[in-house]
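K.L.:
Sharing entry25.cif, mmCIF, C-alpha atoms:
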data_start
loop_
_atom_site.group_PDB
_atom_site.id
_atom_site.type_symbol
_atom_site.label_atom_id
_atom_site.label_comp_id
_atom_site.auth_asym_id
_atom_site.auth_seq_id
_atom_site.Cartn_x
_atom_site.Cartn_y
_atom_site.Cartn_z
ATOM 1 C CA MET A 1 -15.486 -25.135 0.325
ATOM 2 C CA LYS A 2 -13.229 -23.477 -2.188
ATOM 3 C CA ILE A 3 -10.314 -21.460 -0.791
ATOM 4 C CA ILE A 4 -8.634 -18.839 -2.965
ATOM 5 C CA VAL A 5 -5.393 -17.329 -1.687
ATOM 6 C CA GLY A 6 -4.189 -14.052 -3.160
ATOM 7 C CA LYS A 7 -1.008 -14.321 -5.206
ATOM 8 C CA THR A 8 0.266 -11.121 -3.590
ATOM 9 C CA ALA A 9 -0.681 -12.067 -0.011
ATOM 10 C CA GLY A 10 2.070 -11.705 2.594
ATOM 11 C CA PHE A 11 5.475 -10.067 2.866
ATOM 12 C CA CYS A 12 6.374 -7.488 0.251
ATOM 13 C CA TYR A 13 9.993 -7.075 -0.862
ATOM 14 C CA GLY A 14 10.775 -4.249 1.578
ATOM 15 C CA VAL A 15 9.388 -6.060 4.625
ATOM 16 C CA LYS A 16 11.035 -9.375 3.748
ATOM 17 C CA ARG A 17 14.356 -7.597 3.265
ATOM 18 C CA ALA A 18 14.081 -5.933 6.689
ATOM 19 C CA VAL A 19 12.951 -9.045 8.589
ATOM 20 C CA ASP A 20 15.500 -11.364 6.941
ATOM 21 C CA GLY A 21 18.209 -8.771 7.520
ATOM 22 C CA ALA A 22 17.319 -8.458 11.195
ATOM 23 C CA LYS A 23 17.424 -12.224 11.689
ATOM 24 C CA GLU A 24 20.824 -12.422 10.026
ATOM 25 C CA ALA A 25 22.166 -9.528 12.137
ATOM 26 C CA LEU A 26 20.927 -11.249 15.301
ATOM 27 C CA LYS A 27 23.169 -14.219 14.504
ATOM 28 C CA GLN A 28 26.199 -11.940 14.617
ATOM 29 C CA ASN A 29 25.298 -9.499 17.392
ATOM 30 C CA LYS A 30 24.430 -10.306 21.004
ATOM 31 C CA ILE A 31 22.849 -6.880 21.397
ATOM 32 C CA LEU A 32 20.716 -5.498 18.585
ATOM 33 C CA TYR A 33 18.155 -2.713 18.711
ATOM 34 C CA GLY A 34 15.190 -2.038 16.478
ATOM 35 C CA LEU A 35 14.034 1.566 16.140
ATOM 36 C CA GLY A 36 10.264 1.132 16.288
ATOM 37 C CA GLU A 37 8.457 -2.099 15.475
ATOM 38 C CA ILE A 38 10.198 -3.547 12.429
ATOM 39 C CA VAL A 39 6.801 -4.238 10.828
ATOM 40 C CA HIS A 40 3.218 -3.757 11.944
ATOM 41 C CA ASN A 41 2.732 -7.369 12.938
ATOM 42 C CA GLN A 42 2.938 -8.563 16.532
ATOM 43 C CA GLU A 43 3.879 -12.145 15.643
ATOM 44 C CA VAL A 44 6.934 -10.973 13.721
ATOM 45 C CA VAL A 45 7.887 -8.548 16.500
ATOM 46 C CA LYS A 46 7.593 -11.269 19.169
ATOM 47 C CA GLU A 47 9.676 -13.685 17.117
ATOM 48 C CA LEU A 48 12.492 -11.149 16.815
ATOM 49 C CA GLU A 49 12.268 -10.271 20.513
ATOM 50 C CA ASN A 50 12.632 -13.978 21.315
ATOM 51 C CA LEU A 51 15.771 -14.011 19.184
ATOM 52 C CA GLY A 52 17.184 -11.126 21.223
ATOM 53 C CA MET A 53 16.179 -7.911 19.497
ATOM 54 C CA GLN A 54 15.280 -4.972 21.738
ATOM 55 C CA PHE A 55 12.752 -2.545 20.279
ATOM 56 C CA ILE A 56 13.083 1.118 21.204
ATOM 57 C CA GLU A 57 11.138 4.250 20.290
ATOM 58 C CA ASN A 58 13.957 6.777 20.445
ATOM 59 C CA ILE A 59 17.470 6.531 19.017
ATOM 60 C CA GLY A 60 18.740 7.949 22.306
ATOM 61 C CA GLU A 61 17.833 4.623 23.952
ATOM 62 C CA ALA A 62 20.214 2.650 21.732
ATOM 63 C CA ASN A 63 23.523 1.356 23.111
ATOM 64 C CA GLY A 64 24.634 -0.625 20.079
ATOM 65 C CA LYS A 65 23.834 -1.514 16.476
ATOM 66 C CA THR A 66 20.330 -0.462 15.519
ATOM 67 C CA ILE A 67 18.047 -1.663 12.730
ATOM 68 C CA ILE A 68 16.108 0.926 10.756
ATOM 69 C CA ARG A 69 12.811 -0.594 9.677
ATOM 70 C CA ALA A 70 11.291 -0.560 6.197
ATOM 71 C CA HIS A 71 9.122 2.506 6.999
ATOM 72 C CA GLY A 72 12.196 4.726 7.268
ATOM 73 C CA ILE A 73 13.030 7.509 9.726
ATOM 74 C CA PRO A 74 13.245 11.324 9.809
ATOM 75 C CA LYS A 75 16.580 12.550 8.484
ATOM 76 C CA GLN A 76 17.481 14.186 11.816
ATOM 77 C CA VAL A 77 17.601 10.717 13.394
ATOM 78 C CA TYR A 78 20.572 9.839 11.190
ATOM 79 C CA GLU A 79 22.412 12.857 12.573
ATOM 80 C CA LYS A 80 21.487 11.971 16.167
ATOM 81 C CA ALA A 81 22.791 8.428 15.644
ATOM 82 C CA ARG A 82 26.048 9.791 14.224
ATOM 83 C CA GLN A 83 26.464 12.112 17.214
ATOM 84 C CA ASN A 84 25.854 9.215 19.609
ATOM 85 C CA GLN A 85 28.195 6.959 17.606
ATOM 86 C CA ILE A 86 25.401 4.451 16.992
ATOM 87 C CA GLU A 87 25.908 2.192 13.986
ATOM 88 C CA LEU A 88 22.744 1.949 11.918
ATOM 89 C CA ILE A 89 21.759 -1.042 9.807
ATOM 90 C CA ASP A 90 19.407 0.671 7.396
ATOM 91 C CA TYR A 91 16.597 -1.432 5.961
ATOM 92 C CA THR A 92 14.435 1.465 4.828
ATOM 93 C CA CYS A 93 12.508 0.208 1.817
ATOM 94 C CA PRO A 94 14.075 1.508 -1.440
ATOM 95 C CA LYS A 95 10.599 2.673 -2.518
ATOM 96 C CA VAL A 96 10.376 4.844 0.610
ATOM 97 C CA LEU A 97 13.866 6.226 0.055
ATOM 98 C CA LYS A 98 12.787 7.225 -3.463
ATOM 99 C CA VAL A 99 9.886 9.224 -2.008
ATOM 100 C CA HIS A 100 12.338 10.970 0.338
ATOM 101 C CA GLN A 101 14.526 11.913 -2.632
ATOM 102 C CA ILE A 102 11.592 13.267 -4.623
ATOM 103 C CA ALA A 103 10.291 15.288 -1.665
ATOM 104 C CA GLU A 104 13.676 16.844 -0.936
ATOM 105 C CA GLU A 105 14.368 17.613 -4.599
ATOM 106 C CA TYR A 106 11.078 19.442 -5.118
ATOM 107 C CA ALA A 107 11.203 21.203 -1.754
ATOM 108 C CA ASN A 108 14.583 22.616 -2.797
ATOM 109 C CA LYS A 109 13.007 23.788 -6.067
ATOM 110 C CA GLY A 110 10.381 25.798 -4.197
ATOM 111 C CA TYR A 111 7.392 23.499 -4.414
ATOM 112 C CA TYR A 112 4.647 23.308 -1.797
ATOM 113 C CA ILE A 113 4.208 19.611 -1.021
ATOM 114 C CA PHE A 114 0.926 17.783 -0.562
ATOM 115 C CA LEU A 115 1.723 14.452 1.068
ATOM 116 C CA LEU A 116 -1.105 11.911 0.994
ATOM 117 C CA GLY A 117 -1.195 9.445 3.880
ATOM 118 C CA ASN A 118 -1.746 8.877 7.588
ATOM 119 C CA LYS A 119 0.007 11.684 9.475
ATOM 120 C CA LYS A 120 0.710 9.368 12.433
ATOM 121 C CA HIS A 121 2.250 6.626 10.304
ATOM 122 C CA PRO A 122 6.053 6.301 10.706
ATOM 123 C CA GLU A 123 6.586 6.472 6.945
ATOM 124 C CA ILE A 124 4.789 9.811 6.731
ATOM 125 C CA ILE A 125 6.660 11.144 9.786
ATOM 126 C CA GLY A 126 9.939 10.234 8.094
ATOM 127 C CA THR A 127 8.969 11.653 4.687
ATOM 128 C CA LEU A 128 7.796 14.956 6.188
ATOM 129 C CA SER A 129 11.360 15.673 7.305
ATOM 130 C CA TYR A 130 12.349 15.876 3.620
ATOM 131 C CA CYS A 131 9.483 18.167 2.573
ATOM 132 C CA GLY A 132 10.856 21.461 3.810
ATOM 133 C CA GLU A 133 8.665 24.037 5.566
ATOM 134 C CA ASN A 134 5.818 24.221 3.051
ATOM 135 C CA LYS A 135 3.822 21.010 3.300
ATOM 136 C CA PHE A 136 0.396 19.611 4.130
ATOM 137 C CA VAL A 137 -0.622 16.039 4.950
ATOM 138 C CA ILE A 138 -3.857 14.979 3.240
ATOM 139 C CA GLU A 139 -5.276 11.928 4.996
ATOM 140 C CA LYS A 140 -8.642 11.718 3.223
ATOM 141 C CA GLU A 141 -10.593 13.370 0.448
ATOM 142 C CA ASP A 142 -12.232 15.890 2.808
ATOM 143 C CA ASP A 143 -8.812 17.311 3.741
ATOM 144 C CA THR A 144 -8.061 18.432 0.186
ATOM 145 C CA ILE A 145 -9.933 21.757 0.233
ATOM 146 C CA LYS A 146 -8.255 22.725 3.522
ATOM 147 C CA ALA A 147 -4.901 21.867 1.949
ATOM 148 C CA LEU A 148 -5.655 24.073 -1.052
ATOM 149 C CA GLU A 149 -6.724 26.960 1.199
ATOM 150 C CA THR A 150 -3.477 26.677 3.167
ATOM 151 C CA PHE A 151 -1.479 26.567 -0.062
ATOM 152 C CA GLU A 152 -3.233 29.691 -1.370
ATOM 153 C CA LYS A 153 -2.281 31.629 1.763
ATOM 154 C CA SER A 154 1.387 30.727 1.169
ATOM 155 C CA GLY A 155 1.459 32.749 -2.057
ATOM 156 C CA MET A 156 3.392 29.963 -3.775
ATOM 157 C CA LYS A 157 2.728 28.880 -7.372
ATOM 158 C CA LYS A 158 4.020 25.306 -7.498
ATOM 159 C CA ILE A 159 2.634 22.127 -5.924
ATOM 160 C CA LEU A 160 4.032 18.616 -5.731
ATOM 161 C CA VAL A 161 1.607 15.797 -4.921
ATOM 162 C CA ILE A 162 3.129 12.572 -3.539
ATOM 163 C CA SER A 163 1.924 9.859 -1.189
ATOM 164 C CA GLN A 164 2.692 7.203 1.364
ATOM 165 C CA THR A 165 3.806 4.079 -0.501
ATOM 166 C CA THR A 166 0.889 2.092 0.973
ATOM 167 C CA TYR A 167 -1.831 4.693 0.386
ATOM 168 C CA SER A 168 -5.175 3.822 -1.209
ATOM 169 C CA LEU A 169 -4.917 4.004 -4.986
ATOM 170 C CA GLU A 170 -8.604 4.905 -5.265
ATOM 171 C CA LYS A 171 -8.262 7.814 -2.817
ATOM 172 C CA PHE A 172 -5.097 9.005 -4.561
ATOM 173 C CA TYR A 173 -6.935 9.408 -7.869
ATOM 174 C CA ILE A 174 -9.940 11.100 -6.245
ATOM 175 C CA ILE A 175 -7.715 13.642 -4.450
ATOM 176 C CA GLU A 176 -5.678 14.242 -7.600
ATOM 177 C CA GLU A 177 -8.904 15.049 -9.474
ATOM 178 C CA ILE A 178 -10.083 17.449 -6.745
ATOM 179 C CA ILE A 179 -6.754 19.299 -6.792
ATOM 180 C CA LYS A 180 -6.709 19.648 -10.579
ATOM 181 C CA ASN A 181 -10.322 20.859 -10.639
ATOM 182 C CA GLU A 182 -9.893 23.418 -7.846
ATOM 183 C CA ILE A 183 -6.421 24.825 -8.420
ATOM 184 C CA PRO A 184 -6.018 28.170 -10.281
ATOM 185 C CA ARG A 185 -4.645 27.920 -13.831
ATOM 186 C CA ASP A 186 -1.513 29.897 -12.987
ATOM 187 C CA VAL A 187 -0.390 27.248 -10.484
ATOM 188 C CA GLU A 188 1.923 24.454 -11.644
ATOM 189 C CA VAL A 189 0.896 21.033 -10.307
ATOM 190 C CA VAL A 190 3.262 18.050 -10.454
ATOM 191 C CA VAL A 191 1.656 14.739 -9.474
ATOM 192 C CA LYS A 192 3.846 11.728 -8.774
ATOM 193 C CA ASN A 193 2.100 8.501 -7.855
ATOM 194 C CA THR A 194 4.543 7.146 -5.276
ATOM 195 C CA ILE A 195 2.304 4.274 -4.186
ATOM 196 C CA CYS A 196 4.397 1.110 -4.367
ATOM 197 C CA GLN A 197 3.507 -1.045 -7.374
ATOM 198 C CA ALA A 198 3.203 -4.080 -5.096
ATOM 199 C CA THR A 199 0.615 -2.155 -3.057
ATOM 200 C CA GLU A 200 -1.327 -1.247 -6.208
ATOM 201 C CA ILE A 201 -1.365 -4.852 -7.428
ATOM 202 C CA ARG A 202 -2.391 -6.156 -3.989
ATOM 203 C CA GLN A 203 -5.275 -3.672 -3.758
ATOM 204 C CA LYS A 204 -6.504 -4.523 -7.263
ATOM 205 C CA GLU A 205 -6.274 -8.250 -6.587
ATOM 206 C CA THR A 206 -8.259 -7.807 -3.362
ATOM 207 C CA GLU A 207 -11.004 -5.970 -5.246
ATOM 208 C CA GLU A 208 -11.235 -8.611 -7.963
ATOM 209 C CA MET A 209 -11.260 -11.458 -5.458
ATOM 210 C CA ALA A 210 -13.896 -9.818 -3.247
ATOM 211 C CA LYS A 211 -16.260 -9.597 -6.224
ATOM 212 C CA LYS A 212 -16.070 -13.359 -6.829
ATOM 213 C CA VAL A 213 -16.273 -14.935 -3.355
ATOM 214 C CA ASP A 214 -18.865 -15.411 -0.614
ATOM 215 C CA ALA A 215 -16.494 -14.371 2.176
ATOM 216 C CA MET A 216 -13.116 -12.646 2.495
ATOM 217 C CA ILE A 217 -10.523 -13.077 5.222
ATOM 218 C CA ILE A 218 -7.970 -10.277 5.525
ATOM 219 C CA ILE A 219 -4.930 -11.265 7.611
ATOM 220 C CA GLY A 220 -2.586 -8.733 9.164
ATOM 221 C CA GLY A 221 -1.765 -6.421 12.052
ATOM 222 C CA LYS A 222 -4.575 -4.182 13.248
ATOM 223 C CA ASN A 223 -2.105 -1.269 13.175
ATOM 224 C CA SER A 224 -0.987 -2.068 9.617
ATOM 225 C CA SER A 225 -1.989 0.739 7.255
ATOM 226 C CA ASN A 226 -1.828 -1.328 4.089
ATOM 227 C CA THR A 227 -3.828 -4.202 5.645
ATOM 228 C CA LYS A 228 -6.580 -1.830 6.799
ATOM 229 C CA LYS A 229 -6.906 -0.600 3.213
ATOM 230 C CA LEU A 230 -7.332 -4.177 1.969
ATOM 231 C CA TYR A 231 -10.124 -4.630 4.511
ATOM 232 C CA GLU A 232 -11.812 -1.408 3.368
ATOM 233 C CA ILE A 233 -11.608 -2.487 -0.270
ATOM 234 C CA ALA A 234 -12.957 -5.982 0.436
ATOM 235 C CA LYS A 235 -15.924 -4.555 2.370
ATOM 236 C CA GLN A 236 -17.006 -2.601 -0.709
ATOM 237 C CA TYR A 237 -17.481 -5.732 -2.788
ATOM 238 C CA CYS A 238 -18.097 -8.627 -0.403
ATOM 239 C CA LYS A 239 -20.844 -9.017 2.224
ATOM 240 C CA THR A 240 -18.822 -11.116 4.703
ATOM 241 C CA VAL A 241 -15.319 -9.799 5.455
ATOM 242 C CA LEU A 242 -13.207 -10.772 8.473
ATOM 243 C CA PHE A 243 -10.100 -8.834 9.551
ATOM 244 C CA ILE A 244 -7.875 -10.996 11.749
ATOM 245 C CA GLU A 245 -4.251 -10.914 12.871
ATOM 246 C CA ASN A 246 -3.886 -14.689 13.135
ATOM 247 C CA GLU A 247 -5.838 -17.954 13.241
ATOM 248 C CA THR A 248 -6.709 -17.592 16.952
ATOM 249 C CA GLU A 249 -9.026 -14.670 16.115
ATOM 250 C CA PHE A 250 -10.802 -16.641 13.401
ATOM 251 C CA ILE A 251 -14.287 -17.864 14.391
ATOM 252 C CA LEU A 252 -15.390 -20.737 12.158
ATOM 253 C CA ASP A 253 -19.074 -19.914 12.706
ATOM 254 C CA ASN A 254 -18.718 -16.992 10.304
ATOM 255 C CA ILE A 255 -17.950 -19.289 7.355
ATOM 256 C CA ASN A 256 -20.127 -21.972 5.741
ATOM 257 C CA SER A 257 -18.728 -25.201 4.322
ATOM 258 C CA THR A 258 -20.253 -24.374 0.928
ATOM 259 C CA ASP A 259 -18.710 -20.917 0.721
ATOM 260 C CA LYS A 260 -16.093 -19.744 -1.712
ATOM 261 C CA VAL A 261 -13.569 -17.998 0.545
ATOM 262 C CA GLY A 262 -10.896 -15.507 -0.482
ATOM 263 C CA ILE A 263 -7.776 -14.924 1.603
ATOM 264 C CA MET A 264 -5.633 -11.817 1.342
ATOM 265 C CA ALA A 265 -2.886 -10.668 3.676
ATOM 266 C CA GLY A 266 -1.051 -7.414 4.259
ATOM 267 C CA ALA A 267 2.548 -6.683 3.322
ATOM 268 C CA SER A 268 3.743 -7.320 6.888
ATOM 269 C CA THR A 269 1.965 -10.664 7.350
ATOM 270 C CA PRO A 270 4.265 -13.727 7.502
ATOM 271 C CA LYS A 271 3.536 -16.792 5.362
ATOM 272 C CA GLU A 272 3.100 -18.911 8.501
ATOM 273 C CA SER A 273 0.105 -16.822 9.609
ATOM 274 C CA ILE A 274 -1.597 -17.357 6.265
ATOM 275 C CA GLU A 275 -0.936 -21.094 6.326
ATOM 276 C CA LYS A 276 -2.405 -21.480 9.823
ATOM 277 C CA VAL A 277 -5.610 -19.725 8.779
ATOM 278 C CA ILE A 278 -5.901 -22.003 5.733
ATOM 279 C CA GLU A 279 -5.475 -25.090 7.919
ATOM 280 C CA LYS A 280 -8.202 -23.898 10.282
ATOM 281 C CA LEU A 281 -10.506 -23.155 7.339
ATOM 282 C CA LYS A 282 -10.136 -26.685 6.072
ATOM 283 C CA ARG A 283 -11.734 -27.913 9.293
ATOM 284 C CA VAL A 284 -15.042 -26.136 8.549
#
Would it be possible to restate this file's structure as structure tokens?
P.N.:
Amino acid sequence: MKIIVGKTAGFCYGVKRAVDGAKEALKQNKILYGLGEIVHNQEVVKELENLGMQFIENIGEANGKTIIRAHGIPKQVYEKARQNQIELIDYTCPKVLKVHQIAEEYANKGYYIFLLGNKKHPEIIGTLSYCGENKFVIEKEDDTIKALETFEKSGMKKILVISQTTYSLEKFYIIEEIIKNEIPRDVEVVVKNTICQATEIRQKETEEMAKKVDAMIIIGGKNSSNTKKLYEIAKQYCKTVLFIENETEFILDNINSTDKVGIMAGASTPKESIEKVIEKLKRV
């Protein structure tokens, strides 16, 4: 068996920064809160809980220093924390903060904002708070026409297109093309690809790997948006694709000893999870 591990598999910069920062803060604080799961990976969450972190869903539940995860938060949460005299340790990914800045800047300039991403994802929820009143979340290609119809009713003449930092690059380009083909000529369209470069590279590497192997193993949280996209990409090019959170979910019967196996992991998957899967694979 030949095992190929993706060069970009595992923690991205923003996640590593948040997790390392939380661990360091836990050394100095007996009580530390995390606003929402710090990353979409249960093993990481459990490790931090064992170290003493308490995860909460609402800033009103905090009674001490609180970590802001890489996904970011709505801007009104900052104000609520200030009112409650809660000290925030902000580990919002710089790439996400940049999207917030772009959204707010163009909203103030009178642009209608099309935000591409999962409307239930915490990053999108946070970014929406910077988009002003005129906005529409496009989750998939089929939503684009509805977004354009809603924009037309607004009477506005300027559109900004941005996205979740972990959105599908392929879908981004398809939606961009639909918008440019359908929009009236008198409407100004500004498109800013705000997908994180690390996400782009990871998605491209997954595609290339899936084309060359007999089986793909995608490792990451089942609620991880970026990991789900890797799974979707791999399925397009490889017949056998497994999506697992850790080695305990991995059934060896799905892999043959003569297979060439590719391993890719999401941005919130710790190195230890990848290593354990590799060790189990070697026993095939």
K.L.:
Tell me, as a PyMOL selection string, which residues lie within 9 Å of Val137 (chain A), counting all atoms listed in the file; anything in the same chain fewer than 2 positions away does not count.
P.N.:
chain A and resi 113-119+124+128+135+139+143+147
K.L.:
Which residue is closest to Gln203 (chain A)? Choose from A:Lys7, A:Lys98, A:Lys27, A:Lys16 and count all atoms listed in the file.
P.N.:
A:Lys7
K.L.:
Given the file above and the PyMOL selection byres ((chain A and resi 206) around 8), which residues are selected, and can you give them as a ChimeraX atom specification?
P.N.:
/A:6,202-205,207-210,230,233-234,264
K.L.:
Got a sec: who's within 12 Å of Arg283 (chain A), counting all atoms listed in the file, leaving out chain neighbours fewer than 3 positions off, as a ChimeraX atom specification?
P.N.:
/A:1,251-253,255-257,276-280
K.L.:
How would the residues just chosen look if you wrote them out with C-alpha atoms as a CSV table (one decimal), in the coordinates of the input?
P.N.:
chain,number,residue,atom,x,y,z
A,1,MET,CA,-15.5,-25.1,0.3
A,251,ILE,CA,-14.3,-17.9,14.4
A,252,LEU,CA,-15.4,-20.7,12.2
A,253,ASP,CA,-19.1,-19.9,12.7
A,255,ILE,CA,-18.0,-19.3,7.4
A,256,ASN,CA,-20.1,-22.0,5.7
A,257,SER,CA,-18.7,-25.2,4.3
A,276,LYS,CA,-2.4,-21.5,9.8
A,277,VAL,CA,-5.6,-19.7,8.8
A,278,ILE,CA,-5.9,-22.0,5.7
A,279,GLU,CA,-5.5,-25.1,7.9
A,280,LYS,CA,-8.2,-23.9,10.3
K.L.:
For Tyr78 (chain A), which residue among A:Ile56, A:Asn50, A:Leu35, A:Tyr167 is the nearest when counting all atoms listed in the file?
P.N.:
A:Leu35
K.L.:
Any idea what the distance is between CA of Gln164 (chain A) and CA of Lys80 (chain A)?
P.N.:
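These atoms are spaced 24.4 Å apart.
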K.L.:
Name the residues captured by the PyMOL selection byres ((chain A and resi 123) around 7) when it is applied to the shown file; answer as a ChimeraX atom specification.
P.N.:
/A:71-72,121-122,124-127,164
K.L.:
Near Asp90 (chain A), within 12 Å and counting only C-alpha atoms, which residues show up once chain neighbours fewer than 6 positions away are dropped, as a list in words?
P.N.:
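Counting only the stated atoms, we get Gly14, Arg17, Ala18, Val19, Gly21, Ala22, Ala25, Tyr33, Gly34, Leu35, Ile38, Lys65, Thr66, Ile67, Ile68, Arg69, Ala70, His71, Gly72, Ile73, Val77, Tyr78, Ala81 and Leu97 of chain A.
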K.L.:
How about saving the chosen residues, C-alpha atoms kept, as a CSV table (one decimal), in the coordinates of the input?
P.N.:
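result-v2.csv, written as the output of this step:
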chain,number,residue,atom,x,y,z
A,14,GLY,CA,10.8,-4.2,1.6
A,17,ARG,CA,14.4,-7.6,3.3
A,18,ALA,CA,14.1,-5.9,6.7
A,19,VAL,CA,13.0,-9.0,8.6
A,21,GLY,CA,18.2,-8.8,7.5
A,22,ALA,CA,17.3,-8.5,11.2
A,25,ALA,CA,22.2,-9.5,12.1
A,33,TYR,CA,18.2,-2.7,18.7
A,34,GLY,CA,15.2,-2.0,16.5
A,35,LEU,CA,14.0,1.6,16.1
A,38,ILE,CA,10.2,-3.5,12.4
A,65,LYS,CA,23.8,-1.5,16.5
A,66,THR,CA,20.3,-0.5,15.5
A,67,ILE,CA,18.0,-1.7,12.7
A,68,ILE,CA,16.1,0.9,10.8
A,69,ARG,CA,12.8,-0.6,9.7
A,70,ALA,CA,11.3,-0.6,6.2
A,71,HIS,CA,9.1,2.5,7.0
A,72,GLY,CA,12.2,4.7,7.3
A,73,ILE,CA,13.0,7.5,9.7
A,77,VAL,CA,17.6,10.7,13.4
A,78,TYR,CA,20.6,9.8,11.2
A,81,ALA,CA,22.8,8.4,15.6
A,97,LEU,CA,13.9,6.2,0.1
K.L.:
Check which residues satisfy the PyMOL selection byres ((chain A and resi 170) around 12) in the file shown, then give them as a list in words.
P.N.:
Lys140, Glu141, Thr166, Tyr167, Ser168, Leu169, Lys171, Phe172, Tyr173, Ile174, Ile175, Glu176, Glu177, Asn193, Ile195, Thr199, Glu200, Gln203, Lys204, Glu207, Lys229, Leu230, Glu232 and Ile233 of chain A
K.L.:
Which residues are close to Thr194 (chain A), i.e. within 6 Å by all atoms listed in the file, leaving aside same-chain residues fewer than 6 positions away? Reply as number ranges by chain.
P.N.:
A: 162-163, 165
K.L.:
Pick the closest to Phe136 (chain A) from A:Ile219, A:Val96, A:Met156, A:Val161: which is it, counting all atoms listed in the file?
P.N.:
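Checking each candidate against Phe136 (chain A), we get A:Val161 as the closest.
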K.L.:
In Å to one decimal, how far is CA of Ile263 (chain A) from CA of Lys222 (chain A)?
P.N.:
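Computed distance, CA of Lys222 (chain A) to CA of Ile263 (chain A), equals 16.2 Å.
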K.L.:
Work out how far apart CA of Lys75 (chain A) and CA of Ser129 (chain A) are and give it in Å to one decimal.
P.N.:
6.2 Å
K.L.:
Considering only C-alpha atoms, can you say which of A:Ile4, A:Asp142, A:Lys109, A:Val45 comes closest to Asp214 (chain A)?
P.N.:
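Residue with the minimum atom-to-atom distance to Asp214 (chain A): A:Ile4.
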